[in-house]
Structure formats: C-alpha cells, structure tokens
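Asks: Below is the file protein38.pdb, which contains PDB, C-alpha atoms and all ligand atoms.
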```
ATOM      1  CA  MET A   1     -29.434 -35.148 -11.349  1.00  0.00           C
ATOM      2  CA  LYS A   2     -25.950 -36.337 -10.404  1.00  0.00           C
ATOM      3  CA  PRO A   3     -26.199 -38.539  -7.303  1.00  0.00           C
ATOM      4  CA  PHE A   4     -24.631 -37.046  -4.204  1.00  0.00           C
ATOM      5  CA  GLN A   5     -21.383 -38.741  -3.254  1.00  0.00           C
ATOM      6  CA  GLU A   6     -21.656 -39.416   0.456  1.00  0.00           C
ATOM      7  CA  ARG A   7     -18.637 -38.598   2.574  1.00  0.00           C
ATOM      8  CA  GLY A   8     -17.192 -39.366   5.987  1.00  0.00           C
ATOM      9  CA  ASP A   9     -16.925 -42.432   8.191  1.00  0.00           C
ATOM     10  CA  PHE A  10     -17.959 -44.003  11.479  1.00  0.00           C
ATOM     11  CA  GLY A  11     -14.458 -45.104  12.542  1.00  0.00           C
ATOM     12  CA  PRO A  12     -12.942 -44.457  15.984  1.00  0.00           C
ATOM     13  CA  GLU A  13     -11.614 -41.105  14.745  1.00  0.00           C
ATOM     14  CA  GLY A  14     -14.488 -40.532  12.306  1.00  0.00           C
ATOM     15  CA  HIS A  15     -16.804 -37.539  12.275  1.00  0.00           C
ATOM     16  CA  GLY A  16     -19.910 -39.230  10.942  1.00  0.00           C
ATOM     17  CA  LYS A  17     -21.283 -38.830   7.464  1.00  0.00           C
ATOM     18  CA  GLN A  18     -22.765 -36.403   5.008  1.00  0.00           C
ATOM     19  CA  LEU A  19     -25.432 -38.380   3.168  1.00  0.00           C
ATOM     20  CA  LEU A  20     -26.842 -35.549   1.072  1.00  0.00           C
ATOM     21  CA  GLU A  21     -25.966 -31.904   0.583  1.00  0.00           C
ATOM     22  CA  ASN A  22     -28.124 -31.079   3.628  1.00  0.00           C
ATOM     23  CA  LEU A  23     -28.312 -34.364   5.549  1.00  0.00           C
ATOM     24  CA  PHE A  24     -25.671 -35.430   8.072  1.00  0.00           C
ATOM     25  CA  ILE A  25     -25.142 -38.084  10.745  1.00  0.00           C
ATOM     26  CA  VAL A  26     -23.195 -36.798  13.761  1.00  0.00           C
ATOM     27  CA  SER A  27     -23.659 -39.682  16.242  1.00  0.00           C
ATOM     28  CA  TRP A  28     -23.781 -43.436  15.709  1.00  0.00           C
ATOM     29  CA  LEU A  29     -23.744 -46.785  17.461  1.00  0.00           C
ATOM     30  CA  GLY A  30     -20.157 -47.609  18.436  1.00  0.00           C
ATOM     31  CA  MET A  31     -19.093 -43.965  18.634  1.00  0.00           C
ATOM     32  CA  THR A  32     -18.496 -44.120  22.394  1.00  0.00           C
ATOM     33  CA  PRO A  33     -16.701 -47.291  23.548  1.00  0.00           C
ATOM     34  CA  ASP A  34     -18.860 -49.464  25.834  1.00  0.00           C
ATOM     35  CA  GLN A  35     -21.838 -47.098  25.581  1.00  0.00           C
ATOM     36  CA  ILE A  36     -24.928 -47.012  23.436  1.00  0.00           C
ATOM     37  CA  ASP A  37     -25.352 -44.154  20.965  1.00  0.00           C
ATOM     38  CA  CYS A  38     -27.972 -43.656  18.293  1.00  0.00           C
ATOM     39  CA  HIS A  39     -27.854 -42.133  14.827  1.00  0.00           C
ATOM     40  CA  VAL A  40     -28.414 -38.403  15.195  1.00  0.00           C
ATOM     41  CA  TYR A  41     -29.504 -36.919  11.874  1.00  0.00           C
ATOM     42  CA  VAL A  42     -28.985 -33.249  11.083  1.00  0.00           C
ATOM     43  CA  LEU A  43     -31.155 -31.610   8.422  1.00  0.00           C
ATOM     44  CA  ARG A  44     -29.659 -28.316   7.332  1.00  0.00           C
ATOM     45  CA  GLY A  45     -32.215 -25.734   6.304  1.00  0.00           C
ATOM     46  CA  PRO A  46     -32.210 -22.119   5.194  1.00  0.00           C
ATOM     47  CA  ASP A  47     -33.122 -20.951   8.694  1.00  0.00           C
ATOM     48  CA  GLY A  48     -31.426 -23.357  11.042  1.00  0.00           C
ATOM     49  CA  LEU A  49     -30.696 -26.981  11.787  1.00  0.00           C
ATOM     50  CA  LEU A  50     -33.259 -29.644  12.569  1.00  0.00           C
ATOM     51  CA  LEU A  51     -32.211 -32.773  14.450  1.00  0.00           C
ATOM     52  CA  ILE A  52     -33.865 -36.155  14.457  1.00  0.00           C
ATOM     53  CA  ASP A  53     -32.957 -37.457  17.938  1.00  0.00           C
ATOM     54  CA  CYS A  54     -30.190 -35.850  19.940  1.00  0.00           C
ATOM     55  CA  GLY A  55     -28.055 -38.653  21.383  1.00  0.00           C
ATOM     56  CA  ALA A  56     -26.781 -39.295  24.876  1.00  0.00           C
ATOM     57  CA  PRO A  57     -24.714 -37.122  27.249  1.00  0.00           C
ATOM     58  CA  TRP A  58     -21.622 -39.326  26.851  1.00  0.00           C
ATOM     59  CA  GLY A  59     -21.729 -38.786  23.087  1.00  0.00           C
ATOM     60  CA  HIS A  60     -22.289 -35.041  23.324  1.00  0.00           C
ATOM     61  CA  PRO A  61     -18.639 -33.833  23.288  1.00  0.00           C
ATOM     62  CA  ARG A  62     -18.041 -35.925  20.198  1.00  0.00           C
ATOM     63  CA  ILE A  63     -21.251 -34.593  18.609  1.00  0.00           C
ATOM     64  CA  LEU A  64     -19.949 -31.051  19.149  1.00  0.00           C
ATOM     65  CA  ARG A  65     -16.671 -31.974  17.407  1.00  0.00           C
ATOM     66  CA  ASN A  66     -18.562 -33.593  14.546  1.00  0.00           C
ATOM     67  CA  PHE A  67     -20.668 -30.466  14.081  1.00  0.00           C
ATOM     68  CA  LEU A  68     -17.471 -28.435  13.745  1.00  0.00           C
ATOM     69  CA  HIS A  69     -16.001 -30.907  11.281  1.00  0.00           C
ATOM     70  CA  TRP A  70     -18.984 -30.530   8.950  1.00  0.00           C
ATOM     71  CA  GLY A  71     -19.103 -26.758   9.304  1.00  0.00           C
ATOM     72  CA  LEU A  72     -22.373 -26.959  11.245  1.00  0.00           C
ATOM     73  CA  ASP A  73     -22.993 -24.471  14.046  1.00  0.00           C
ATOM     74  CA  ILE A  74     -24.467 -26.080  17.162  1.00  0.00           C
ATOM     75  CA  ARG A  75     -26.083 -22.732  18.061  1.00  0.00           C
ATOM     76  CA  GLN A  76     -28.121 -23.017  14.866  1.00  0.00           C
ATOM     77  CA  VAL A  77     -29.950 -26.118  16.120  1.00  0.00           C
ATOM     78  CA  ARG A  78     -33.532 -24.840  16.319  1.00  0.00           C
ATOM     79  CA  THR A  79     -35.541 -27.998  16.867  1.00  0.00           C
ATOM     80  CA  ILE A  80     -35.055 -31.619  17.890  1.00  0.00           C
ATOM     81  CA  LEU A  81     -37.676 -34.213  17.045  1.00  0.00           C
ATOM     82  CA  LEU A  82     -37.458 -37.334  19.198  1.00  0.00           C
ATOM     83  CA  THR A  83     -38.360 -40.666  17.619  1.00  0.00           C
ATOM     84  CA  HIS A  84     -38.767 -42.026  21.168  1.00  0.00           C
ATOM     85  CA  GLY A  85     -37.499 -41.512  24.689  1.00  0.00           C
ATOM     86  CA  HIS A  86     -34.807 -44.168  25.137  1.00  0.00           C
ATOM     87  CA  VAL A  87     -31.468 -43.082  26.632  1.00  0.00           C
ATOM     88  CA  ASP A  88     -29.443 -43.300  23.439  1.00  0.00           C
ATOM     89  CA  HIS A  89     -31.958 -41.143  21.548  1.00  0.00           C
ATOM     90  CA  GLY A  90     -33.027 -38.507  24.018  1.00  0.00           C
ATOM     91  CA  ARG A  91     -31.005 -38.423  27.225  1.00  0.00           C
ATOM     92  CA  GLY A  92     -28.666 -35.722  25.896  1.00  0.00           C
ATOM     93  CA  GLY A  93     -31.621 -33.419  25.254  1.00  0.00           C
ATOM     94  CA  TYR A  94     -31.071 -31.286  28.369  1.00  0.00           C
ATOM     95  CA  LEU A  95     -27.666 -30.247  26.979  1.00  0.00           C
ATOM     96  CA  PHE A  96     -29.482 -28.789  23.975  1.00  0.00           C
ATOM     97  CA  LYS A  97     -32.236 -27.287  26.122  1.00  0.00           C
ATOM     98  CA  ARG A  98     -29.518 -25.253  27.857  1.00  0.00           C
ATOM     99  CA  MET A  99     -28.889 -23.632  24.477  1.00  0.00           C
ATOM    100  CA  GLY A 100     -32.579 -22.883  24.043  1.00  0.00           C
ATOM    101  CA  THR A 101     -33.361 -25.624  21.541  1.00  0.00           C
ATOM    102  CA  GLU A 102     -36.991 -26.617  21.058  1.00  0.00           C
ATOM    103  CA  ILE A 103     -37.650 -30.334  21.622  1.00  0.00           C
ATOM    104  CA  LEU A 104     -40.809 -32.046  20.416  1.00  0.00           C
ATOM    105  CA  ALA A 105     -41.868 -35.621  21.125  1.00  0.00           C
ATOM    106  CA  HIS A 106     -44.810 -37.928  21.638  1.00  0.00           C
ATOM    107  CA  VAL A 107     -46.256 -37.493  25.122  1.00  0.00           C
ATOM    108  CA  VAL A 108     -45.027 -40.961  26.239  1.00  0.00           C
ATOM    109  CA  ALA A 109     -41.511 -40.262  24.968  1.00  0.00           C
ATOM    110  CA  ALA A 110     -41.558 -36.823  26.585  1.00  0.00           C
ATOM    111  CA  GLU A 111     -42.301 -38.320  29.977  1.00  0.00           C
ATOM    112  CA  LEU A 112     -39.314 -40.676  29.747  1.00  0.00           C
ATOM    113  CA  ALA A 113     -36.938 -38.051  28.327  1.00  0.00           C
ATOM    114  CA  GLU A 114     -37.858 -35.527  31.012  1.00  0.00           C
ATOM    115  CA  LYS A 115     -37.179 -38.119  33.701  1.00  0.00           C
ATOM    116  CA  GLU A 116     -33.763 -38.847  32.133  1.00  0.00           C
ATOM    117  CA  TRP A 117     -32.953 -35.130  32.065  1.00  0.00           C
ATOM    118  CA  ALA A 118     -34.009 -34.662  35.683  1.00  0.00           C
ATOM    119  CA  ASP A 119     -31.766 -37.585  36.730  1.00  0.00           C
ATOM    120  CA  CYS A 120     -28.781 -36.142  34.831  1.00  0.00           C
ATOM    121  CA  LEU A 121     -29.300 -32.653  36.252  1.00  0.00           C
ATOM    122  CA  LYS A 122     -29.620 -34.021  39.772  1.00  0.00           C
ATOM    123  CA  GLU A 123     -26.379 -35.983  39.318  1.00  0.00           C
ATOM    124  CA  GLU A 124     -24.685 -32.765  38.206  1.00  0.00           C
ATOM    125  CA  GLY A 125     -26.003 -31.012  41.312  1.00  0.00           C
ATOM    126  CA  SER A 126     -27.833 -28.588  39.033  1.00  0.00           C
ATOM    127  CA  THR A 127     -31.068 -26.843  40.013  1.00  0.00           C
ATOM    128  CA  GLU A 128     -32.140 -26.470  36.375  1.00  0.00           C
ATOM    129  CA  SER A 129     -35.115 -28.337  35.017  1.00  0.00           C
ATOM    130  CA  TYR A 130     -36.363 -28.742  31.480  1.00  0.00           C
ATOM    131  CA  ARG A 131     -39.521 -29.825  29.778  1.00  0.00           C
ATOM    132  CA  VAL A 132     -40.293 -30.950  26.265  1.00  0.00           C
ATOM    133  CA  ASP A 133     -41.755 -27.990  24.345  1.00  0.00           C
ATOM    134  CA  GLY A 134     -44.662 -29.704  22.706  1.00  0.00           C
ATOM    135  CA  SER A 135     -46.200 -33.048  21.976  1.00  0.00           C
ATOM    136  CA  LEU A 136     -46.612 -34.599  18.563  1.00  0.00           C
ATOM    137  CA  GLY A 137     -48.910 -37.321  17.342  1.00  0.00           C
ATOM    138  CA  GLU A 138     -50.401 -39.064  14.349  1.00  0.00           C
ATOM    139  CA  GLY A 139     -51.341 -36.794  11.483  1.00  0.00           C
ATOM    140  CA  HIS A 140     -49.506 -33.736  12.746  1.00  0.00           C
ATOM    141  CA  ARG A 141     -47.600 -31.701  10.187  1.00  0.00           C
ATOM    142  CA  ILE A 142     -44.828 -29.425  11.237  1.00  0.00           C
ATOM    143  CA  GLN A 143     -42.736 -26.855   9.453  1.00  0.00           C
ATOM    144  CA  ARG A 144     -39.282 -26.184  10.861  1.00  0.00           C
ATOM    145  CA  CYS A 145     -36.028 -24.897   9.379  1.00  0.00           C
ATOM    146  CA  GLY A 146     -37.496 -24.940   5.888  1.00  0.00           C
ATOM    147  CA  TYR A 147     -38.675 -28.559   6.122  1.00  0.00           C
ATOM    148  CA  ASP A 148     -42.227 -29.803   6.015  1.00  0.00           C
ATOM    149  CA  LEU A 149     -42.571 -33.001   8.030  1.00  0.00           C
ATOM    150  CA  ALA A 150     -45.414 -35.472   8.324  1.00  0.00           C
ATOM    151  CA  VAL A 151     -45.616 -37.002  11.797  1.00  0.00           C
ATOM    152  CA  LEU A 152     -46.640 -40.641  12.128  1.00  0.00           C
ATOM    153  CA  HIS A 153     -47.369 -42.367  15.412  1.00  0.00           C
ATOM    154  CA  THR A 154     -45.658 -45.736  14.983  1.00  0.00           C
ATOM    155  CA  PRO A 155     -45.787 -47.605  18.295  1.00  0.00           C
ATOM    156  CA  GLY A 156     -44.341 -51.070  18.771  1.00  0.00           C
ATOM    157  CA  HIS A 157     -40.762 -50.484  19.877  1.00  0.00           C
ATOM    158  CA  THR A 158     -42.259 -48.235  22.563  1.00  0.00           C
ATOM    159  CA  ALA A 159     -45.769 -46.822  22.971  1.00  0.00           C
ATOM    160  CA  GLY A 160     -44.479 -43.342  22.166  1.00  0.00           C
ATOM    161  CA  CYS A 161     -42.559 -43.941  18.936  1.00  0.00           C
ATOM    162  CA  LEU A 162     -42.871 -41.454  16.109  1.00  0.00           C
ATOM    163  CA  SER A 163     -41.660 -41.603  12.521  1.00  0.00           C
ATOM    164  CA  PHE A 164     -41.072 -38.537  10.389  1.00  0.00           C
ATOM    165  CA  LEU A 165     -41.471 -38.287   6.643  1.00  0.00           C
ATOM    166  CA  THR A 166     -39.959 -35.418   4.720  1.00  0.00           C
ATOM    167  CA  GLU A 167     -38.008 -34.445   1.649  1.00  0.00           C
ATOM    168  CA  VAL A 168     -34.315 -33.577   1.831  1.00  0.00           C
ATOM    169  CA  ASP A 169     -32.607 -32.287  -1.300  1.00  0.00           C
ATOM    170  CA  GLY A 170     -35.448 -33.628  -3.418  1.00  0.00           C
ATOM    171  CA  GLN A 171     -35.303 -37.106  -1.873  1.00  0.00           C
ATOM    172  CA  ARG A 172     -38.070 -38.616   0.225  1.00  0.00           C
ATOM    173  CA  CYS A 173     -36.663 -39.766   3.566  1.00  0.00           C
ATOM    174  CA  LEU A 174     -38.363 -41.693   6.345  1.00  0.00           C
ATOM    175  CA  PHE A 175     -36.922 -41.403   9.856  1.00  0.00           C
ATOM    176  CA  SER A 176     -38.269 -44.427  11.690  1.00  0.00           C
ATOM    177  CA  GLY A 177     -36.385 -44.673  15.001  1.00  0.00           C
ATOM    178  CA  ASP A 178     -35.963 -48.202  16.349  1.00  0.00           C
ATOM    179  CA  LEU A 179     -39.094 -49.743  14.847  1.00  0.00           C
ATOM    180  CA  LEU A 180     -36.994 -52.105  12.726  1.00  0.00           C
ATOM    181  CA  MET A 181     -33.248 -52.651  12.466  1.00  0.00           C
ATOM    182  CA  SER A 182     -31.222 -53.386   9.336  1.00  0.00           C
ATOM    183  CA  ASN A 183     -31.276 -57.129  10.014  1.00  0.00           C
ATOM    184  CA  GLY A 184     -35.044 -57.129   9.481  1.00  0.00           C
ATOM    185  CA  LYS A 185     -35.708 -57.535  13.182  1.00  0.00           C
ATOM    186  CA  PRO A 186     -37.125 -55.087  15.724  1.00  0.00           C
ATOM    187  CA  GLY A 187     -34.930 -53.004  17.970  1.00  0.00           C
ATOM    188  CA  TRP A 188     -34.615 -53.715  21.706  1.00  0.00           C
ATOM    189  CA  SER A 189     -37.726 -55.527  22.901  1.00  0.00           C
ATOM    190  CA  GLY A 190     -37.505 -54.713  26.632  1.00  0.00           C
ATOM    191  CA  ASP A 191     -39.686 -51.602  26.743  1.00  0.00           C
ATOM    192  CA  PRO A 192     -43.091 -51.971  28.488  1.00  0.00           C
ATOM    193  CA  GLY A 193     -44.688 -50.634  25.297  1.00  0.00           C
ATOM    194  CA  PHE A 194     -43.063 -53.214  23.040  1.00  0.00           C
ATOM    195  CA  SER A 195     -45.566 -54.920  20.753  1.00  0.00           C
ATOM    196  CA  ARG A 196     -44.705 -57.270  17.902  1.00  0.00           C
ATOM    197  CA  GLU A 197     -48.219 -56.860  16.448  1.00  0.00           C
ATOM    198  CA  LYS A 198     -47.985 -53.091  16.445  1.00  0.00           C
ATOM    199  CA  ILE A 199     -44.564 -53.185  14.764  1.00  0.00           C
ATOM    200  CA  ILE A 200     -45.935 -55.425  12.004  1.00  0.00           C
ATOM    201  CA  ALA A 201     -48.981 -53.200  11.522  1.00  0.00           C
ATOM    202  CA  ASN A 202     -46.786 -50.122  11.298  1.00  0.00           C
ATOM    203  CA  LEU A 203     -44.349 -51.709   8.872  1.00  0.00           C
ATOM    204  CA  LYS A 204     -47.290 -52.597   6.623  1.00  0.00           C
ATOM    205  CA  ARG A 205     -48.522 -49.028   6.808  1.00  0.00           C
ATOM    206  CA  LEU A 206     -45.152 -47.344   6.312  1.00  0.00           C
ATOM    207  CA  ILE A 207     -44.111 -49.509   3.376  1.00  0.00           C
ATOM    208  CA  GLU A 208     -47.038 -48.035   1.405  1.00  0.00           C
ATOM    209  CA  MET A 209     -45.761 -44.510   1.909  1.00  0.00           C
ATOM    210  CA  ASP A 210     -43.784 -42.442  -0.501  1.00  0.00           C
ATOM    211  CA  PHE A 211     -40.089 -42.633   0.454  1.00  0.00           C
ATOM    212  CA  THR A 212     -36.844 -43.971  -0.956  1.00  0.00           C
ATOM    213  CA  ASN A 213     -34.329 -43.422   1.841  1.00  0.00           C
ATOM    214  CA  LEU A 214     -34.746 -45.105   5.198  1.00  0.00           C
ATOM    215  CA  CYS A 215     -32.978 -43.418   8.103  1.00  0.00           C
ATOM    216  CA  HIS A 216     -33.568 -45.490  11.204  1.00  0.00           C
ATOM    217  CA  GLY A 217     -32.205 -45.120  14.689  1.00  0.00           C
ATOM    218  CA  HIS A 218     -28.988 -47.040  14.112  1.00  0.00           C
ATOM    219  CA  ASN A 219     -28.407 -47.270  10.355  1.00  0.00           C
ATOM    220  CA  TYR A 220     -29.588 -45.887   7.030  1.00  0.00           C
ATOM    221  CA  ARG A 221     -30.222 -47.022   3.501  1.00  0.00           C
ATOM    222  CA  MET A 222     -30.141 -44.536   0.636  1.00  0.00           C
ATOM    223  CA  GLY A 223     -32.337 -45.810  -2.208  1.00  0.00           C
ATOM    224  CA  ASP A 224     -34.752 -48.715  -1.827  1.00  0.00           C
ATOM    225  CA  GLY A 225     -35.072 -48.099   1.891  1.00  0.00           C
ATOM    226  CA  LYS A 226     -38.225 -50.217   1.819  1.00  0.00           C
ATOM    227  CA  ARG A 227     -36.087 -53.311   1.286  1.00  0.00           C
ATOM    228  CA  TRP A 228     -35.414 -53.569   5.020  1.00  0.00           C
ATOM    229  CA  PHE A 229     -39.140 -53.276   5.743  1.00  0.00           C
ATOM    230  CA  ARG A 230     -39.943 -56.002   3.181  1.00  0.00           C
ATOM    231  CA  ASP A 231     -37.258 -58.182   4.750  1.00  0.00           C
ATOM    232  CA  GLY A 232     -38.680 -57.493   8.217  1.00  0.00           C
ATOM    233  CA  LEU A 233     -42.220 -58.394   7.181  1.00  0.00           C
ATOM    234  CA  GLU A 234     -41.027 -61.609   5.509  1.00  0.00           C
ATOM    235  CA  LYS A 235     -39.081 -62.594   8.615  1.00  0.00           C
ATOM    236  CA  ALA A 236     -42.093 -61.848  10.808  1.00  0.00           C
ATOM    237  CA  ALA A 237     -44.315 -63.979   8.549  1.00  0.00           C
ATOM    238  CA  ARG A 238     -41.821 -66.857   8.846  1.00  0.00           C
ATOM    239  CA  GLY A 239     -41.913 -66.498  12.628  1.00  0.00           C
ATOM    240  CA  GLU A 240     -38.274 -65.391  12.852  1.00  0.00           C
ATOM    241  CA  TRP A 241     -39.162 -62.700  15.360  1.00  0.00           C
TER     242      TRP A 241
HETATM  243 ZN    ZN A 301     -35.009 -47.506  21.440  1.00  0.00          ZN
END
```
Is it possible to express this structure as structure tokens?
Replies:
Amino acid sequence: MKPFQERGDFGPEGHGKQLLENLFIVSWLGMTPDQIDCHVYVLRGPDGLLLIDCGAPWGHPRILRNFLHWGLDIRQVRTILLTHGHVDHGRGGYLFKRMGTEILAHVVAAELAEKEWADCLKEEGSTESYRVDGSLGEGHRIQRCGYDLAVLHTPGHTAGCLSFLTEVDGQRCLFSGDLLMSNGKPGWSGDPGFSREKIIANLKRLIEMDFTNLCHGHNYRMGDGKRWFRDGLEKAARGEW
C-alpha cells in the first residue's frame, strides 16, 4: 500500500493536518496566541465524524474554519470522546452540545467538563445547561461512525484519563491524551489526580498493545509511535521525571 502523504500545517494561517485519508487534526497547541489548545483529532467515517477531544471555546471559531478547509461538515460530528476534562481538551464541548453532539467521557472527566461548560454558559448569560451523555471506563468497546474503539482507563495525568485504540485506514492508532508528551515526560503535573506511578504503569501496559501511530493530546507520531513511550519509560527509570 502506498503510504499516505500527509498534508497541511500548524502555522499561524494553517488549517491543521490530514494525517490519513480519514484522520485530521483541526486544533493544536499554539493555534490561539497566548492560549492553550489541544490536538483535536477528527475520524471521518461512513456515517459521520468522530472527534477525540473537542478543544477550547477560544479555538472554536478556528476549528470551524479548519473543518471547512478540509471539506468536513461540523454538523456531521456525531460523537466526541474526551481523553480527560482539562480546559484545552473539553471546555469547548458545550458549543458542540448545542448542535446535538454526543459526548462521552470517564466519570471524573465528565464532572470537570460539565463544570467548565456551566461556567462558560453562566458567563454568556445563557440559561442552557448540558451534561455528558455517557460514561466510559476500562474494557468498554464502542462503535461509532463506522469505528470500533477499545476504551482504556489510563489514569496518571488525571484520575479520569482515557485512551482509545482503533484502526483508521488500516492503521492501528492509539489516542492517549496527555499521559506522556513527545519529550518523554508527562503532561502538566498539577492535577489532583496526577500520579507518576500510575503513568509508568500505564505506559508499560500500553506499550504492549497493538498500535503503530501515537496520537497524543499535543502531538502525533505516525509509525513507531511506541518510541515516545520507550523514551518516557527510560527517562522515568533514570529518574528524569
Ligand atoms: Zn491535560
């Protein structure tokens, strides 16, 4: 099979990237000056679009433009899976809820995201309120938009972190949120649920799983995605984090 030639860029005027025929990134760190944004992944399926994380309100107008650029219809977003509840990953969820999108998360992440949404709605003077549509946990399997996803509870960055394992265009992809960054170190360590030991245990577990592409909360690696996990475990063993 001819490898897919990825397209796009993350520059100030960029629209994100198309990593595979049916895998896109429409939000990224640095997209909004002086704000924090996460990688929002779009999986295009035969019956709708599935998002891994949904970004923040400040990034939303740009996300809408990026959808248009890639010929993706925002109204086709059926489901959002949250890797965790931090602002950059889930705060923009209420803007999707307004369009009727289903949002699923771990119960701990749901609690945080719902609080973020309530704060945003209150600030807007809105009387609307939204809830997460369902909670996910270890061992769950979900089918959405033509994708079959294994749900893994991978705490450590927060208590409510989930990772998702699925196949996109014949390639095994792991979506791991902020468990580990590309420098082989954990993401932000200020959450009350942060646990170095749990991150290490989860890295050891995930590295044994069947995937080649690693799509984490702020970067991605197509092919040998496990390299970042190996690097992270080596750094942890050397006491570098
Ligand atoms: Zn986070």
Asks: Quick one: residues within 9 Å of Leu136 in chain A, all atoms listed in the file, excluding same-chain residues fewer than 2 positions away - as a list in words?
Replies: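 Listing them by chain and then by number gives Leu104, Ala105, His106, Val107, Gly134, Glu138, Gly139, His140, Arg141, Val151, Leu152, His153 and Leu162 of chain A.
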Asks: Excluding range 199-204 of chain A and any residue of its chain fewer than 5 positions from it, enumerate the residues within 9 Å of it, using only C-alpha atoms, and give them as a PyMOL selection string.
Replies: chain A and resi 153-157+179-180+186+194+229-230+232-233+236
Asks: Have a look at CA of Leu20 in chain A and CA of Val87 in chain A and let me know their distance in Å, one decimal.
Replies: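 CA of Val87 in chain A lies at a distance of 27.0 Å from CA of Leu20 in chain A.
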Asks: Under the PyMOL selection byres (((chain A and resi 41) around 9) and not hetatm), which residues of this model are included? Write them out as a ChimeraX atom specification.
Replies: /A:23-27,39-40,42-43,50-54,175,215
Asks: Produce as a list in words the set of residues near ligand ZN 301 (chain A), where near means within 7 Å with only C-alpha atoms and all ligand atoms considered.
Replies: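 Within the 7 Å cut-off, the matching residues are His84, His86, His157, Asp178, Gly187 and Trp188 of chain A.
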Asks: In terms of the shortest atom-to-atom distance over only C-alpha atoms, which of A:Gly85, A:Gly146, A:Gly170, A:Gly59 is closest to Arg44 in chain A?
Replies: A:Gly146
Asks: Compare A:Glu6, A:Asp133, A:Glu123, A:Asp34 by their minimum atom-to-atom distance to Glu111 in chain A, counting only C-alpha atoms, and give me the closest one.
Replies: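 Selected residue with least distance to Glu111 in chain A: A:Asp133.
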Asks: Please, what distance in Å, to one decimal, runs between CA of Asn183 in chain A and CA of Thr32 in chain A?
Replies: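 For CA of Asn183 in chain A relative to CA of Thr32 in chain A, the distance reads 22.0 Å.
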Asks: Please determine the residues with any atom at most 6 Å from (-38.1, -41.8, -3.5) (coordinates as given in the file, with only C-alpha atoms counting) and report them as an mmCIF file with C-alpha atoms, in the coordinates of the input.
Replies:
```
data_model
loop_
_atom_site.group_PDB
_atom_site.id
_atom_site.type_symbol
_atom_site.label_atom_id
_atom_site.label_comp_id
_atom_site.auth_asym_id
_atom_site.auth_seq_id
_atom_site.Cartn_x
_atom_site.Cartn_y
_atom_site.Cartn_z
ATOM 1 C CA GLN A 171 -35.303 -37.106 -1.873
ATOM 2 C CA ARG A 172 -38.070 -38.616 0.225
ATOM 3 C CA PHE A 211 -40.089 -42.633 0.454
ATOM 4 C CA THR A 212 -36.844 -43.971 -0.956
#
```
Asks: Please write a file for range 54-81 of chain A, taken from the block I just shared, that holds C-alpha atoms and is laid out as a CSV table (one decimal), in the first residue's frame.
Replies:
```
chain,number,residue,atom,x,y,z
A,54,CYS,CA,-13.1,18.9,21.2
A,55,GLY,CA,-10.8,21.9,22.2
A,56,ALA,CA,-11.5,25.1,24.0
A,57,PRO,CA,-14.0,27.9,23.3
A,58,TRP,CA,-11.3,30.3,22.1
A,59,GLY,CA,-10.2,27.8,19.5
A,60,HIS,CA,-13.7,27.0,18.3
A,61,PRO,CA,-14.0,29.7,15.5
A,62,ARG,CA,-10.7,28.5,14.1
A,63,ILE,CA,-11.8,24.9,14.4
A,64,LEU,CA,-14.9,25.7,12.3
A,65,ARG,CA,-12.7,27.3,9.6
A,66,ASN,CA,-10.4,24.3,9.6
A,67,PHE,CA,-13.4,21.9,9.2
A,68,LEU,CA,-14.4,23.9,6.1
A,69,HIS,CA,-10.9,23.9,4.7
A,70,TRP,CA,-10.8,20.1,4.8
A,71,GLY,CA,-14.3,19.7,3.4
A,72,LEU,CA,-15.6,18.4,6.8
A,73,ASP,CA,-19.1,19.3,7.8
A,74,ILE,CA,-19.3,20.3,11.5
A,75,ARG,CA,-23.0,19.2,11.5
A,76,GLN,CA,-21.8,15.7,10.8
A,77,VAL,CA,-19.9,15.5,14.2
A,78,ARG,CA,-21.8,12.6,15.9
A,79,THR,CA,-19.7,11.9,18.9
A,80,ILE,CA,-16.8,13.3,20.9
A,81,LEU,CA,-14.7,11.1,23.1
```
